[in-house]
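J.: Sending over final37.cif (mmCIF, C-alpha atoms).
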```cif
data_query
#
loop_
_atom_site.label_atom_id
_atom_site.label_comp_id
_atom_site.auth_asym_id
_atom_site.auth_seq_id
_atom_site.Cartn_x
_atom_site.Cartn_y
_atom_site.Cartn_z
CA MET F 1 33.33 57.45 -34.98
CA THR F 2 36.52 57.52 -37.03
CA PRO F 3 36.67 59.99 -39.94
CA ALA F 4 36.50 57.02 -42.31
CA ALA F 5 33.37 55.78 -40.61
CA ALA F 6 31.80 59.23 -40.78
CA ALA F 7 32.51 59.39 -44.48
CA ARG F 8 30.68 56.12 -45.02
CA LYS F 9 27.81 56.98 -42.73
CA ALA F 10 24.86 54.67 -43.05
CA ASN F 11 22.17 55.63 -45.47
CA VAL F 12 18.80 55.29 -43.75
CA ALA F 13 15.60 55.21 -45.74
CA LYS F 14 12.03 54.67 -44.72
CA VAL F 15 10.19 52.16 -46.83
CA GLY F 16 6.44 52.46 -46.65
CA ASP F 17 5.21 53.37 -43.21
CA ARG F 18 6.47 50.54 -41.08
CA GLU F 19 9.80 49.61 -42.56
CA ILE F 20 13.26 51.05 -42.57
CA SER F 21 16.21 50.14 -44.68
CA ILE F 22 19.83 50.91 -43.98
CA GLU F 23 22.68 50.43 -46.40
CA ARG F 24 26.28 50.61 -45.44
CA THR F 25 29.53 49.83 -47.22
CA PHE F 26 32.41 48.25 -45.35
CA ASP F 27 35.99 48.19 -46.52
CA ALA F 28 36.41 44.50 -45.77
CA PRO F 29 35.81 41.26 -47.65
CA ARG F 30 32.37 39.71 -47.33
CA ASP F 31 33.59 36.58 -45.54
CA LYS F 32 35.16 38.73 -42.87
CA VAL F 33 32.04 40.85 -42.39
CA TRP F 34 30.03 37.64 -42.21
CA ARG F 35 32.30 36.28 -39.48
CA ALA F 36 32.13 39.56 -37.56
CA MET F 37 28.34 39.32 -37.64
CA THR F 38 27.91 35.64 -36.92
CA ASP F 39 30.77 34.55 -34.64
CA PRO F 40 29.49 35.39 -31.15
CA LYS F 41 33.01 36.10 -29.87
CA LEU F 42 33.42 38.73 -32.59
CA VAL F 43 29.86 40.03 -32.25
CA ALA F 44 30.59 40.75 -28.60
CA GLN F 45 33.38 43.10 -29.68
CA TRP F 46 31.24 45.55 -31.60
CA TRP F 47 27.51 45.00 -31.11
CA GLY F 48 27.44 46.92 -27.82
CA ARG F 49 28.53 50.15 -29.55
CA GLY F 50 31.35 50.60 -27.07
CA ASN F 51 29.39 49.16 -24.15
CA PRO F 52 30.33 45.76 -22.72
CA LEU F 53 28.10 43.08 -24.17
CA ASP F 54 27.25 39.64 -22.89
CA VAL F 55 26.22 37.14 -25.50
CA VAL F 56 23.89 35.14 -23.27
CA THR F 57 22.54 32.82 -25.96
CA TRP F 58 23.64 32.27 -29.53
CA ASP F 59 22.03 29.27 -31.18
CA PHE F 60 22.89 30.08 -34.76
CA LYS F 61 20.40 28.02 -36.71
CA ARG F 62 16.89 28.45 -38.04
CA GLY F 63 14.60 28.85 -35.03
CA GLY F 64 17.59 29.25 -32.73
CA HIS F 65 17.43 31.80 -29.93
CA TRP F 66 19.86 34.67 -29.44
CA ARG F 67 20.06 36.98 -26.47
CA PHE F 68 22.42 39.87 -25.69
CA VAL F 69 22.70 42.05 -22.63
CA GLU F 70 24.35 45.41 -23.13
CA HIS F 71 25.81 47.04 -20.03
CA SER F 72 25.77 50.83 -20.15
CA ASP F 73 26.64 53.34 -17.43
CA HIS F 74 22.93 53.73 -16.87
CA GLY F 75 21.88 50.13 -16.65
CA ASP F 76 21.60 46.83 -18.45
CA HIS F 77 19.50 46.33 -21.54
CA GLY F 78 18.52 42.96 -22.93
CA PHE F 79 17.80 42.25 -26.58
CA GLU F 80 16.75 38.96 -28.05
CA GLY F 81 15.16 37.15 -30.90
CA ARG F 82 15.23 34.04 -33.06
CA PHE F 83 16.96 33.32 -36.30
CA ALA F 84 14.54 32.80 -39.15
CA GLU F 85 16.73 32.22 -42.15
CA ILE F 86 20.47 31.77 -42.45
CA ASP F 87 22.19 31.67 -45.82
CA PRO F 88 25.98 31.97 -45.41
CA PRO F 89 27.74 34.19 -46.24
CA LYS F 90 25.08 36.53 -47.47
CA LYS F 91 21.83 36.55 -45.53
CA VAL F 92 20.47 36.38 -42.00
CA GLN F 93 16.88 36.98 -41.00
CA GLN F 94 15.93 37.27 -37.37
CA THR F 95 13.44 38.73 -34.98
CA PHE F 96 14.61 41.51 -32.68
CA GLU F 97 12.99 42.51 -29.44
CA TRP F 98 14.06 44.84 -26.65
CA ASP F 99 13.24 43.77 -23.08
CA GLY F 100 11.83 47.23 -22.43
CA LEU F 101 9.05 46.79 -24.96
CA PRO F 102 8.00 43.15 -24.79
CA GLY F 103 5.82 41.90 -27.59
CA HIS F 104 7.00 44.50 -30.08
CA ALA F 105 9.40 42.36 -32.00
CA CYS F 106 10.57 43.59 -35.35
CA PHE F 107 11.85 41.46 -38.17
CA GLU F 108 15.33 42.12 -39.56
CA THR F 109 16.81 40.96 -42.83
CA MET F 110 20.54 41.48 -43.22
CA THR F 111 22.16 40.88 -46.58
CA LEU F 112 25.82 41.10 -47.54
CA GLU F 113 26.86 41.76 -51.10
CA GLU F 114 30.38 41.75 -52.50
CA ILE F 115 31.20 44.95 -54.34
CA ALA F 116 34.22 46.19 -56.28
CA GLY F 117 37.52 46.67 -54.50
CA GLY F 118 37.08 43.86 -51.98
CA LYS F 119 34.37 45.82 -50.19
CA THR F 120 31.06 44.64 -48.85
CA GLN F 121 27.66 46.24 -48.91
CA LEU F 122 25.46 45.49 -45.93
CA ARG F 123 21.76 46.13 -46.12
CA VAL F 124 19.56 45.88 -43.07
CA HIS F 125 15.85 45.91 -43.73
CA THR F 126 13.54 46.05 -40.72
CA ILE F 127 9.78 45.65 -40.55
CA PHE F 128 8.14 46.92 -37.40
CA PHE F 129 4.82 45.81 -35.98
CA THR F 130 1.64 46.21 -37.99
CA LYS F 131 0.46 49.50 -39.41
CA ASP F 132 -2.83 49.29 -37.48
CA GLU F 133 -1.02 48.77 -34.26
CA ARG F 134 1.29 51.66 -34.94
CA ASP F 135 -1.52 53.98 -36.02
CA GLY F 136 -3.45 53.07 -32.89
CA MET F 137 -0.45 53.91 -30.78
CA MET F 138 0.00 57.20 -32.58
CA ALA F 139 -3.66 58.11 -32.10
CA SER F 140 -3.64 57.32 -28.41
CA GLY F 141 -0.77 59.72 -27.79
CA MET F 142 1.22 59.94 -24.62
CA GLU F 143 1.49 62.26 -21.69
CA THR F 144 5.18 61.77 -21.05
CA GLY F 145 7.20 64.89 -21.68
CA MET F 146 9.61 65.01 -24.53
CA ASN F 147 12.45 65.77 -22.19
CA GLN F 148 11.89 62.63 -20.17
CA SER F 149 11.61 60.68 -23.38
CA TYR F 150 14.94 61.83 -24.55
CA GLU F 151 16.60 61.32 -21.23
CA ALA F 152 15.35 57.75 -21.40
CA LEU F 153 16.56 57.46 -24.95
CA ASP F 154 19.95 58.78 -23.99
CA ARG F 155 20.17 56.30 -21.15
CA VAL F 156 19.50 53.46 -23.53
CA LEU F 157 21.86 54.84 -26.10
CA ALA F 158 24.58 55.92 -23.75
CA SER F 159 27.49 55.01 -25.93
CA LEU F 160 28.64 58.28 -27.46
CA MET O 1 -1.52 59.22 -40.71
CA VAL O 2 1.38 58.25 -42.91
CA GLN O 3 2.14 61.88 -43.67
CA TYR O 4 1.84 62.70 -40.00
CA LEU O 5 4.32 59.98 -39.18
CA ASP O 6 6.68 61.05 -41.96
CA ALA O 7 6.65 64.63 -40.71
CA GLY O 8 7.49 63.30 -37.27
CA PHE O 9 10.37 61.22 -38.55
CA ALA O 10 11.70 64.09 -40.62
CA ALA O 11 11.45 66.41 -37.65
CA MET O 12 13.37 64.01 -35.44
CA ALA O 13 16.00 63.09 -37.99
CA ASP O 14 18.16 66.08 -37.13
CA ALA O 15 20.40 66.46 -34.09
CA THR O 16 19.72 70.21 -33.75
CA ARG O 17 15.98 69.60 -33.75
CA ARG O 18 16.30 66.88 -31.15
CA GLY O 19 18.40 69.32 -29.14
CA ILE O 20 15.73 72.02 -29.45
CA LEU O 21 13.09 69.60 -28.15
CA GLU O 22 15.30 68.64 -25.25
CA ARG O 23 15.89 72.31 -24.48
CA LEU O 24 12.19 73.15 -24.66
CA GLY O 25 11.46 70.19 -22.42
CA LYS O 26 13.09 72.20 -19.64
CA SER O 27 11.32 75.50 -20.29
CA PRO O 28 10.02 77.63 -23.17
CA ALA O 29 12.60 79.72 -25.01
CA SER O 30 12.70 82.51 -27.56
CA ILE O 31 14.07 82.07 -31.07
CA THR O 32 16.98 84.30 -30.04
CA ASP O 33 17.75 82.09 -27.01
CA LEU O 34 17.71 79.00 -29.22
CA ALA O 35 19.91 80.60 -31.87
CA GLU O 36 22.47 81.51 -29.22
CA GLN O 37 22.40 78.14 -27.57
CA PHE O 38 22.77 76.21 -30.82
CA ASP O 39 25.14 78.74 -32.33
CA MET O 40 23.00 79.28 -35.40
CA THR O 41 21.57 82.25 -37.25
CA LEU O 42 18.03 83.32 -36.51
CA THR O 43 17.05 82.22 -40.01
CA GLY O 44 18.59 78.79 -39.46
CA ILE O 45 16.84 78.27 -36.15
CA LYS O 46 13.54 79.49 -37.58
CA LYS O 47 13.69 76.78 -40.22
CA HIS O 48 14.18 74.07 -37.60
CA VAL O 49 11.41 75.55 -35.47
CA ALA O 50 9.07 75.55 -38.48
CA VAL O 51 9.73 71.85 -39.14
CA LEU O 52 9.09 70.98 -35.50
CA GLU O 53 5.99 73.16 -35.43
CA ASP O 54 4.58 71.58 -38.60
CA ALA O 55 5.05 68.15 -37.06
CA GLY O 56 3.22 69.29 -33.93
CA PHE O 57 6.15 68.81 -31.57
CA ILE O 58 6.33 72.47 -30.59
CA ARG O 59 4.23 75.59 -30.78
CA SER O 60 5.36 79.17 -30.93
CA LYS O 61 3.69 82.45 -30.10
CA LYS O 62 4.77 85.96 -30.95
CA ILE O 63 4.34 88.54 -28.25
CA GLY O 64 5.55 91.95 -29.33
CA ARG O 65 8.81 91.30 -31.14
CA VAL O 66 9.68 88.10 -29.34
CA ARG O 67 8.63 84.70 -30.61
CA THR O 68 8.56 82.16 -27.79
CA CYS O 69 8.63 78.42 -28.44
CA ALA O 70 7.34 75.68 -26.15
CA LEU O 71 6.67 71.96 -26.44
CA GLY O 72 3.57 71.34 -28.50
CA PRO O 73 0.57 69.06 -28.18
CA ARG O 74 2.23 66.09 -29.78
CA THR O 75 4.52 63.85 -27.86
CA LEU O 76 6.07 60.73 -29.22
CA ASP O 77 4.43 57.60 -28.01
CA ARG O 78 6.55 54.85 -26.63
CA GLU O 79 6.39 52.68 -29.69
CA THR O 80 7.28 55.46 -32.08
CA ARG O 81 10.15 56.45 -29.85
CA TRP O 82 11.28 52.88 -30.06
CA ILE O 83 11.56 53.10 -33.82
CA GLU O 84 13.71 56.20 -33.52
CA GLN O 85 15.75 54.58 -30.84
CA TYR O 86 16.12 51.37 -32.83
CA THR O 87 17.28 53.29 -35.87
CA ARG O 88 19.87 55.22 -33.91
CA MET O 89 21.10 52.05 -32.25
CA LEU O 90 21.36 50.33 -35.59
CA GLU O 91 23.39 53.20 -37.02
CA GLN O 92 25.65 53.15 -34.00
CA ARG O 93 26.06 49.38 -34.27
CA LEU O 94 27.06 49.68 -37.91
CA ASN O 95 29.58 52.39 -37.00
CA SER O 96 30.86 50.10 -34.32
CA LEU O 97 31.10 47.18 -36.75
CA GLU O 98 33.05 49.39 -39.11
CA GLU O 99 35.46 50.37 -36.37
CA PHE O 100 35.88 46.71 -35.50
CA LEU O 101 36.64 45.86 -39.14
CA GLU O 102 39.12 48.74 -39.38
CA ARG O 103 40.77 47.66 -36.17
CA THR O 104 41.17 44.08 -37.33
CA LYS O 105 42.08 44.98 -40.89
CA GLY O 106 44.41 42.41 -42.44
CA GLU O 107 43.63 39.81 -39.77
CA ASN O 108 42.17 36.70 -41.35
CA ASP O 109 41.00 38.56 -44.42
CA THR O 110 39.94 36.09 -47.04
#
```
Represent the structure from my file as structure tokens, please.

T.:
Amino acid sequence: MTPAAAARKANVAKVGDREISIERTFDAPRDKVWRAMTDPKLVAQWWGRGNPLDVVTWDFKRGGHWRFVEHSDHGDHGFEGRFAEIDPPKKVQQTFEWDGLPGHACFETMTLEEIAGGKTQLRVHTIFFTKDERDGMMASGMETGMNQSYEALDRVLASL
Amino acid sequence: MVQYLDAGFAAMADATRRGILERLGKSPASITDLAEQFDMTLTGIKKHVAVLEDAGFIRSKKIGRVRTCALGPRTLDRETRWIEQYTRMLEQRLNSLEEFLERTKGENDT
């Protein structure tokens, strides 16, 4: 992370018990942020967080399918979903699912707002699966050790 | 349940606390060990340990003058881990987007 990026670190908030919301300001005009987020050739340059990324499918329209495969040192990870609503240059809604947890799609709403000084505010709002489902999962617990969990997490996130 | 979940999220929201869990995943450790490893004061480490203990991730036991910490009864289920993981990935992606925008500053700005 550059010092500038650290200074503008994303602000993460939990909304209710199955939603998160992240706001982030970018020092770039909205049209440019929109292009970076919706032109697959540009998406490929940042979405992988430093890992090589294949944009396997990018059908940028309502109902269209997208699929990315991120290649980390520890393996390949696929992510996919469908676009739900597209309103250039300010809003994209899509489903998001990781291959490792099939069926647990979450729903993302990304909005871009122009703010003073030619900057852009991005807000990502994500709703996870239902509360009942999540509570059930919490109640059932898991036997896997925390250490293993975090090793797995680090493998997935190996980009630092 | 909501409070339980919130305590879990709060406990996991900190890099030192995640580090403590990772450390305790290998073997139990005393507060002093943890303070040395994470280069913190005893008071600082105790605060982190208290948060993790309240959330059920670890438990601690005082024998004589030494308080030993170990992983607790609660482990994160796969789906909850996914939310943590998703959030971290999203933050990293936004950092990455910012770096991309900085790198291409002035190119095709409209």

J.: Suppose a student applies the PyMOL selection byres ((chain F and resi 89-103) around 9) to this structure; what residues should they get, written as an NGL selection string?

T.: (:F and (30-31 or 33-35 or 62-63 or 77-88 or 104-114)) or (:O and (78-79 or 82))

J.: To verify the selection step, state as a compact mmCIF listing (two decimals) with C-alpha atoms, in the coordinates of the input which residues the PyMOL selection byres ((chain O) within 6 of (chain F)) yields on this input.

T.:
```txt
# COMPACT_ATOMS: atom_id res chain seq x y z
CA GLU O 22 15.30 68.64 -25.25
CA GLY O 25 11.46 70.19 -22.42
CA ASP O 77 4.43 57.60 -28.01
CA ARG O 93 26.06 49.38 -34.27
CA SER O 96 30.86 50.10 -34.32
CA LEU O 97 31.10 47.18 -36.75
```

J.: Provide the atom CA of O:Ile63 to atom CA of O:Met40 distance in Å, to one decimal place.

T.: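 For atom CA of O:Ile63 relative to atom CA of O:Met40, the distance reads 22.0 Å.
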
J.: Between atom CA of O:Leu52 and atom CA of O:Glu84, what distance in Å does the model show, to one decimal?

T.: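 If I compute the distance from atom CA of O:Leu52 to atom CA of O:Glu84, I get 15.6 Å.
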
J.: For this file, the PyMOL selection byres ((chain O and resi 29) around 10) selects which residues, as a list in words?

T.: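 Selected by the PyMOL selection byres ((chain O and resi 29) around 10) here: Ile20, Arg23, Leu24, Gly25, Lys26, Ser27, Pro28, Ser30, Ile31, Thr32, Asp33, Leu34, Ser60, Val66, Arg67, Thr68, Cys69, Ala70 and Leu71 of chain O.
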
J.: So the first atom is atom CA of O:Ala35 and the second is atom CA of O:Ala50; what is the distance between them in Å, to one decimal place?

T.: 13.7 Å
